[in-house]
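Enquirer: File run-v4.csv below, CSV, C-alpha atoms:
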chain,number,residue,atom,x,y,z
S,1,MET,CA,-78.4,143.9,0.0
S,2,ALA,CA,-77.7,140.2,-0.5
S,3,LYS,CA,-79.9,137.8,1.4
S,4,LYS,CA,-78.6,134.6,3.1
S,5,ILE,CA,-80.5,131.6,1.8
S,6,ALA,CA,-81.3,129.0,4.5
S,7,LEU,CA,-82.7,125.5,3.8
S,8,ASP,CA,-85.6,126.1,6.3
S,9,ASP,CA,-86.5,129.5,4.9
S,10,ARG,CA,-90.0,129.0,3.4
S,11,SER,CA,-89.8,132.4,1.7
S,12,TRP,CA,-87.4,130.7,-0.7
S,13,PHE,CA,-88.5,127.0,-0.6
S,14,TYR,CA,-92.3,127.2,-0.2
S,15,ASN,CA,-94.1,124.1,-1.5
S,16,LEU,CA,-90.8,122.5,-2.4
S,17,TYR,CA,-90.6,118.7,-2.7
S,18,ILE,CA,-87.8,116.6,-4.0
S,19,LYS,CA,-88.1,112.8,-3.9
S,20,GLY,CA,-86.0,111.4,-1.1
S,21,MET,CA,-85.0,114.8,0.3
S,22,ARG,CA,-85.3,113.6,3.9
S,23,ASN,CA,-82.5,111.1,3.3
S,24,PHE,CA,-80.0,113.4,1.4
S,25,ASN,CA,-76.4,113.3,2.7
S,26,ALA,CA,-73.0,114.4,1.6
S,27,GLN,CA,-72.7,111.5,-0.8
S,28,SER,CA,-76.1,112.2,-2.6
S,29,ASP,CA,-76.2,112.9,-6.3
S,30,VAL,CA,-79.6,114.3,-6.9
S,31,GLY,CA,-81.3,114.3,-10.3
S,32,LEU,CA,-83.9,117.0,-11.0
S,33,TYR,CA,-86.3,116.7,-14.0
S,34,VAL,CA,-86.1,119.4,-16.6
S,35,VAL,CA,-89.4,120.2,-18.4
S,36,ASN,CA,-88.6,121.2,-22.0
S,37,ILE,CA,-92.0,121.6,-23.7
S,38,GLY,CA,-91.7,125.4,-23.1
S,39,TYR,CA,-88.4,125.7,-25.0
S,40,PRO,CA,-88.8,128.4,-27.7
S,41,LEU,CA,-89.4,127.4,-31.3
S,42,SER,CA,-88.6,129.4,-34.3
S,43,LEU,CA,-90.9,132.3,-35.2
S,44,GLY,CA,-92.2,130.6,-38.3
S,45,VAL,CA,-93.1,127.4,-36.5
S,46,SER,CA,-94.7,129.3,-33.6
S,47,LEU,CA,-96.8,131.3,-36.1
S,48,LEU,CA,-97.8,128.1,-37.9
S,49,LEU,CA,-98.9,126.4,-34.6
S,50,LEU,CA,-100.9,129.6,-33.7
S,51,ILE,CA,-102.7,129.7,-37.1
S,52,LEU,CA,-103.5,126.0,-36.9
S,53,MET,CA,-104.9,126.1,-33.3
S,54,VAL,CA,-106.9,129.3,-33.8
S,55,GLY,CA,-108.0,128.4,-37.3
S,56,LEU,CA,-109.3,125.1,-36.3
S,57,ALA,CA,-111.0,126.6,-33.2
S,58,VAL,CA,-113.0,129.1,-35.3
S,59,LEU,CA,-113.6,126.8,-38.3
S,60,PRO,CA,-117.0,125.6,-37.0
S,61,LEU,CA,-118.2,129.2,-37.1
S,62,ASN,CA,-118.2,129.0,-40.9
S,63,TYR,CA,-120.8,126.2,-40.8
S,64,PRO,CA,-123.2,127.4,-38.1
S,65,ASN,CA,-125.8,124.9,-36.8
S,66,THR,CA,-124.8,122.0,-39.1
S,67,GLU,CA,-123.6,118.5,-38.4
S,68,LEU,CA,-120.2,119.5,-39.8
S,69,ALA,CA,-119.9,122.2,-37.2
S,70,ARG,CA,-120.7,119.7,-34.4
S,71,ALA,CA,-118.1,117.3,-35.8
S,72,LEU,CA,-115.4,120.0,-35.9
S,73,VAL,CA,-116.2,121.0,-32.3
S,74,LEU,CA,-115.7,117.4,-31.2
S,75,ILE,CA,-112.4,117.3,-33.1
S,76,ASN,CA,-111.3,120.5,-31.4
S,77,ILE,CA,-111.9,118.9,-28.0
S,78,GLY,CA,-109.1,116.5,-28.7
S,79,LEU,CA,-106.8,119.0,-30.3
S,80,LEU,CA,-105.1,120.1,-27.1
S,81,PRO,CA,-103.2,116.9,-26.4
S,82,VAL,CA,-102.3,116.7,-30.1
S,83,TYR,CA,-100.9,120.3,-29.9
S,84,LEU,CA,-98.8,119.5,-26.8
S,85,ILE,CA,-97.5,116.3,-28.2
S,86,GLY,CA,-96.6,118.0,-31.5
S,87,ARG,CA,-94.9,120.9,-29.7
S,88,TYR,CA,-93.0,118.4,-27.5
S,89,TRP,CA,-91.7,116.6,-30.6
S,90,LEU,CA,-90.7,119.8,-32.4
S,91,VAL,CA,-88.8,121.1,-29.4
S,92,ARG,CA,-86.9,117.8,-29.0
S,93,ARG,CA,-86.1,117.8,-32.7
S,94,ARG,CA,-84.9,121.4,-32.7
S,95,TYR,CA,-82.7,121.1,-29.7
S,96,GLY,CA,-81.4,117.6,-30.4
S,97,ILE,CA,-82.9,116.2,-27.2
S,98,THR,CA,-82.9,112.5,-26.6
S,99,GLY,CA,-84.1,110.7,-23.5
S,100,THR,CA,-85.2,112.6,-20.3
S,101,LEU,CA,-83.5,115.8,-19.4
S,102,ARG,CA,-82.2,116.1,-15.9
S,103,CYS,CA,-79.9,118.4,-13.9
S,104,TYR,CA,-77.7,116.7,-11.3
S,105,VAL,CA,-76.3,118.3,-8.2
S,106,SER,CA,-73.8,116.7,-5.8
S,107,GLN,CA,-71.1,117.8,-3.4
S,108,GLN,CA,-68.5,117.6,-6.3
S,109,ARG,CA,-70.3,118.9,-9.4
S,110,ILE,CA,-73.3,120.3,-11.2
S,111,ALA,CA,-74.4,118.6,-14.4
S,112,ILE,CA,-76.7,120.5,-16.8
S,113,PRO,CA,-78.4,119.4,-20.0
S,114,ALA,CA,-76.7,121.5,-22.6
S,115,ASN,CA,-78.1,122.8,-25.9
S,116,ALA,CA,-78.9,126.2,-27.5
S,117,ILE,CA,-80.7,127.3,-24.4
S,118,ILE,CA,-77.4,127.9,-22.7
S,119,ASN,CA,-75.4,128.3,-25.9
S,120,LYS,CA,-73.5,125.0,-25.5
S,121,PRO,CA,-73.2,121.9,-27.7
S,122,VAL,CA,-75.8,119.3,-27.2
S,123,GLY,CA,-74.9,116.9,-24.3
S,124,GLN,CA,-74.4,117.0,-20.6
S,125,LEU,CA,-72.3,119.9,-19.3
S,126,GLU,CA,-70.5,119.1,-16.1
S,127,LEU,CA,-69.2,121.9,-13.9
S,128,GLN,CA,-66.9,120.8,-11.2
S,129,ARG,CA,-67.2,122.5,-7.8
S,130,ASP,CA,-63.6,123.5,-7.8
S,131,ASP,CA,-64.1,125.4,-11.1
S,132,ILE,CA,-67.0,127.5,-9.8
S,133,GLU,CA,-66.1,131.0,-8.3
S,134,ARG,CA,-69.7,131.9,-7.3
S,135,ILE,CA,-73.3,131.4,-8.1
S,136,THR,CA,-75.6,134.5,-8.2
S,137,VAL,CA,-79.3,133.7,-7.4
S,138,LYS,CA,-81.5,136.4,-9.0
S,139,TYR,CA,-84.9,136.8,-7.5
S,140,LYS,CA,-88.0,138.9,-7.2
S,141,SER,CA,-90.0,139.2,-4.0
S,142,GLN,CA,-93.7,139.2,-3.8
S,143,MET,CA,-96.3,139.2,-1.0
S,144,HIS,CA,-98.6,136.2,-0.7
S,145,ARG,CA,-101.1,136.0,2.1
S,146,LEU,CA,-99.1,138.3,4.3
S,147,HIS,CA,-95.9,136.3,3.7
S,148,VAL,CA,-92.9,137.1,1.5
S,149,ARG,CA,-92.1,134.7,-1.4
S,150,ASN,CA,-88.9,135.0,-3.2
S,151,HIS,CA,-89.3,133.9,-6.8
S,152,ILE,CA,-86.0,132.8,-8.3
S,153,THR,CA,-85.8,134.1,-11.9
S,154,ALA,CA,-82.2,133.1,-12.9
S,155,CYS,CA,-78.9,131.7,-11.7
S,156,ASP,CA,-75.6,133.0,-13.0
S,157,ILE,CA,-72.8,130.4,-12.5
S,158,LYS,CA,-69.5,132.2,-12.7
S,159,LEU,CA,-66.5,130.0,-13.4
S,160,LYS,CA,-63.0,130.8,-12.3
S,161,SER,CA,-62.1,131.1,-16.0
S,162,GLY,CA,-64.4,134.1,-16.1
S,163,GLU,CA,-67.2,132.4,-18.1
S,164,VAL,CA,-70.7,132.9,-16.9
S,165,ILE,CA,-73.4,130.4,-17.6
S,166,THR,CA,-77.0,131.6,-17.0
S,167,LEU,CA,-79.8,129.3,-16.1
S,168,ASN,CA,-83.3,130.8,-16.5
S,169,ALA,CA,-86.3,129.7,-14.4
S,170,MET,CA,-88.4,129.3,-17.5
S,171,TYR,CA,-86.2,126.4,-18.6
S,172,PHE,CA,-84.7,125.0,-15.5
S,173,PRO,CA,-86.1,123.9,-12.0
S,174,LEU,CA,-84.2,126.6,-10.2
S,175,LYS,CA,-86.0,126.4,-6.9
S,176,HIS,CA,-85.0,122.8,-6.6
S,177,ILE,CA,-81.5,123.5,-7.9
S,178,VAL,CA,-80.9,126.3,-5.4
S,179,TYR,CA,-82.1,124.1,-2.6
S,180,MET,CA,-79.5,121.5,-3.4
S,181,LEU,CA,-76.8,124.1,-3.9
S,182,CYS,CA,-77.6,125.4,-0.4
S,183,PHE,CA,-77.6,121.8,1.0
S,184,PHE,CA,-74.1,121.2,-0.4
S,185,ASP,CA,-73.0,124.7,0.7
S,186,TYR,CA,-72.0,126.0,-2.7
S,187,PRO,CA,-70.7,129.7,-2.8
S,188,LEU,CA,-74.0,131.5,-3.3
S,189,THR,CA,-74.9,135.2,-3.4
S,190,THR,CA,-78.3,136.8,-4.2
S,191,LEU,CA,-79.4,139.7,-6.3
S,192,HIS,CA,-82.8,141.2,-6.1
S,193,GLY,CA,-84.3,142.5,-9.3
S,194,ASN,CA,-87.5,142.8,-11.4
S,195,TRP,CA,-89.3,140.4,-13.6
S,196,SER,CA,-87.8,140.1,-17.1
S,197,TRP,CA,-90.0,140.7,-20.1
S,198,ALA,CA,-87.6,139.0,-22.4
S,199,PHE,CA,-89.4,135.7,-22.2
S,200,LEU,CA,-92.9,137.1,-22.7
S,201,PRO,CA,-93.0,136.4,-26.4
S,202,ASN,CA,-92.2,132.7,-25.8
S,203,ILE,CA,-94.8,132.5,-23.0
S,204,ILE,CA,-97.4,133.9,-25.3
S,205,ALA,CA,-96.4,131.6,-28.1
S,206,VAL,CA,-96.8,128.6,-25.8
S,207,THR,CA,-100.0,129.5,-24.1
S,208,PHE,CA,-102.0,131.8,-26.4
S,209,PRO,CA,-103.0,129.1,-29.0
S,210,VAL,CA,-104.1,126.9,-26.1
S,211,LEU,CA,-106.2,129.6,-24.4
S,212,VAL,CA,-107.9,130.7,-27.7
S,213,ASN,CA,-108.7,127.2,-28.7
S,214,ALA,CA,-110.0,126.3,-25.2
S,215,VAL,CA,-112.2,129.4,-24.9
S,216,VAL,CA,-113.7,129.2,-28.4
S,217,THR,CA,-114.2,125.4,-28.2
S,218,GLY,CA,-115.8,125.7,-24.8
S,219,MET,CA,-118.3,128.3,-26.0
S,220,LEU,CA,-119.2,126.1,-29.0
S,221,VAL,CA,-119.6,123.0,-26.8
S,222,LYS,CA,-122.0,124.9,-24.6
S,223,HIS,CA,-123.9,126.0,-27.7
S,224,TYR,CA,-124.2,122.7,-29.5
S,225,PHE,CA,-124.2,120.1,-26.8
S,226,LEU,CA,-125.5,121.6,-23.5
In structure tokens, how does this file's structure come out?

Expert:
Amino acid sequence: MAKKIALDDRSWFYNLYIKGMRNFNAQSDVGLYVVNIGYPLSLGVSLLLLILMVGLAVLPLNYPNTELARALVLINIGLLPVYLIGRYWLVRRRYGITGTLRCYVSQQRIAIPANAIINKPVGQLELQRDDIERITVKYKSQMHRLHVRNHITACDIKLKSGEVITLNAMYFPLKHIVYMLCFFDYPLTTLHGNWSWAFLPNIIAVTFPVLVNAVVTGMLVKHYFL
């Protein structure tokens, strides 16, 4: 059964903050920042980053109790920001991203940064309100401290032409977008479902190198310096 989404419903909009939200009105055109560091890279590049991060993390183990090992541990401490900056640059290069990515929602239109994530040419995709038939908000419910939280997993924007554009929560700030869609009274419907495992490989590709490097480097820092 579809649920009605209300602006004051904390099960949907817990911990939500949008700059200037107390002053929004019918003429507002709200920009929402899109984080793109988690965009998927090719399998080859992801494997290369994994090998580099894990390889550098365990390299000091080949030179136990030496000054070289201590130097390599110190290098690994600073490796995380290098990895994040490198991944950020590779993502922007692969998807042709220039400048800051933002979604815009107003009374008249929705503007989405377009690239391979939504199978559109690079640029800003503008969807006029009059061209939108409905927007399906997909979500998964979860109990948190005796309260229900509805985690938005995706939004399907169906146009009157029959085309459907899917925005996934891993790549777009959907809680913020849905809040603004409710504010401007767009035609919304909801669909309850389960978590999708389709994005698990990309989650692993982004986080696993960081976790391995942090754990191994932390153990070696404790061994050599504490």

Enquirer: So, counting all atoms listed in the file, which residue among S:Gln108, S:Leu32, S:Leu174, S:Met53 is closest to Pro81 in chain S?

Expert: S:Met53

Enquirer: Could you tell me how far CA of His147 in chain S lies from CA of Ser11 in chain S, in Å and to one decimal?

Expert: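 A separation of 7.5 Å between them.
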
Enquirer: Could you check the closest approach to Asn213 in chain S for each of S:Tyr83, S:Phe225, S:Trp195, S:Tyr39 and tell me which residue wins, using all atoms listed in the file?

Expert: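 Of all the options, S:Tyr83 lies closest to Asn213 in chain S.
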
Enquirer: Can you pull out every residue within 9 Å of Gly38 in chain S, counting all atoms listed in the file, but drop anything in the same chain fewer than 5 positions away, and send it as a list in words?

Expert: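 Here the qualifying residues turn out to be Arg87, Tyr88, Val91, Met170, Tyr171, Asn202, Ile203 and Val206 of chain S.
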
Enquirer: Could the residues in this selection be written to a file with C-alpha atoms, as an mmCIF file, in the frame of the given file?

Expert:
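The result, written out as selection14.cif:
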data_model
loop_
_atom_site.group_PDB
_atom_site.id
_atom_site.type_symbol
_atom_site.label_atom_id
_atom_site.label_comp_id
_atom_site.auth_asym_id
_atom_site.auth_seq_id
_atom_site.Cartn_x
_atom_site.Cartn_y
_atom_site.Cartn_z
ATOM 1 C CA ARG S 87 -94.900 120.900 -29.700
ATOM 2 C CA TYR S 88 -93.000 118.400 -27.500
ATOM 3 C CA VAL S 91 -88.800 121.100 -29.400
ATOM 4 C CA MET S 170 -88.400 129.300 -17.500
ATOM 5 C CA TYR S 171 -86.200 126.400 -18.600
ATOM 6 C CA ASN S 202 -92.200 132.700 -25.800
ATOM 7 C CA ILE S 203 -94.800 132.500 -23.000
ATOM 8 C CA VAL S 206 -96.800 128.600 -25.800
#

Enquirer: Which is closest to Leu191 in chain S among S:Ile117, S:Val148, S:Ile5, S:Leu68, if we use only C-alpha atoms?

Expert: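 Looking at the shortest contact to Leu191 in chain S, the residue is S:Ile5.
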
Enquirer: Name the residues, using the chain letters and numbers of the file, that sit within 10 Å of (-87.4, 137.3, -17.7) when counting only C-alpha atoms, and give them as a ChimeraX atom specification.

Expert: /S:153-154,168-170,194-200

Enquirer: Quick one: residues within 10 Å of Val30 in chain S, only C-alpha atoms counted, chain neighbours fewer than 2 positions away excluded, as a list in words?

Expert: Ile18, Lys19, Gly20, Met21, Phe24, Gln27, Ser28, Leu32, Arg102, Cys103, Tyr104, Val105, Ser106, Gln107, Ile110, Ile177 and Met180 of chain S

Enquirer: Would you mind telling me which residue in S:His223, S:Arg134, S:Arg149, S:Arg93 lies nearest to Ile165 in chain S when using all atoms listed in the file?

Expert: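 Of the candidates, the smallest distance to Ile165 in chain S is held by S:Arg134.
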
Enquirer: Could you name the residues that touch Tyr224 in chain S at 12 Å or less, counting all atoms listed in the file, but leaving out those on the same chain fewer than 6 positions away, as number ranges by chain?

Expert: S: 60-61, 64-74, 217-218

Enquirer: Using all atoms listed in the file for the distances, tell me which of S:Asp130, S:Tyr179, S:Leu43, S:Leu188 is nearest to Lys160 in chain S.

Expert: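 Selected residue with least distance to Lys160 in chain S: S:Asp130.
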
Enquirer: So which one's closest to Leu50 in chain S, S:Leu220, S:Ile204, S:Leu159, S:Val215? Using all atoms listed in the file, please.

Expert: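 Distance minimum relative to Leu50 in chain S lands on S:Ile204.
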
Enquirer: Applying 12 Å and only C-alpha atoms, which residues near Ala116 in chain S remain after dropping the ones on its own chain fewer than 5 positions away? List them as a PyMOL selection string.

Expert: chain S and resi 39-41+91-92+94-97+121-123+166-167+171

Enquirer: What is the distance, in Å and to one decimal place, between CA of Leu90 in chain S and CA of Val54 in chain S?

Expert: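 Distance reported for this atom pair: 18.8 Å.
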
Enquirer: So what do you get for CA of Pro173 in chain S versus CA of Ile152 in chain S, distance-wise?

Expert: 9.6 Å

Enquirer: Taking the point (-77.6, 125.3, 3.7) as given in the file, collect each protein or nucleic acid residue that comes within 9 Å of it, counting all atoms listed in the file, and present the set as a list in words.

Expert: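 Within 9 Å of (-77.6, 125.3, 3.7), the protein and nucleic acid residues are Ile5, Ala6, Leu7, Asp8, Tyr179, Met180, Leu181, Cys182, Phe183, Phe184, Asp185 and Tyr186 of chain S.
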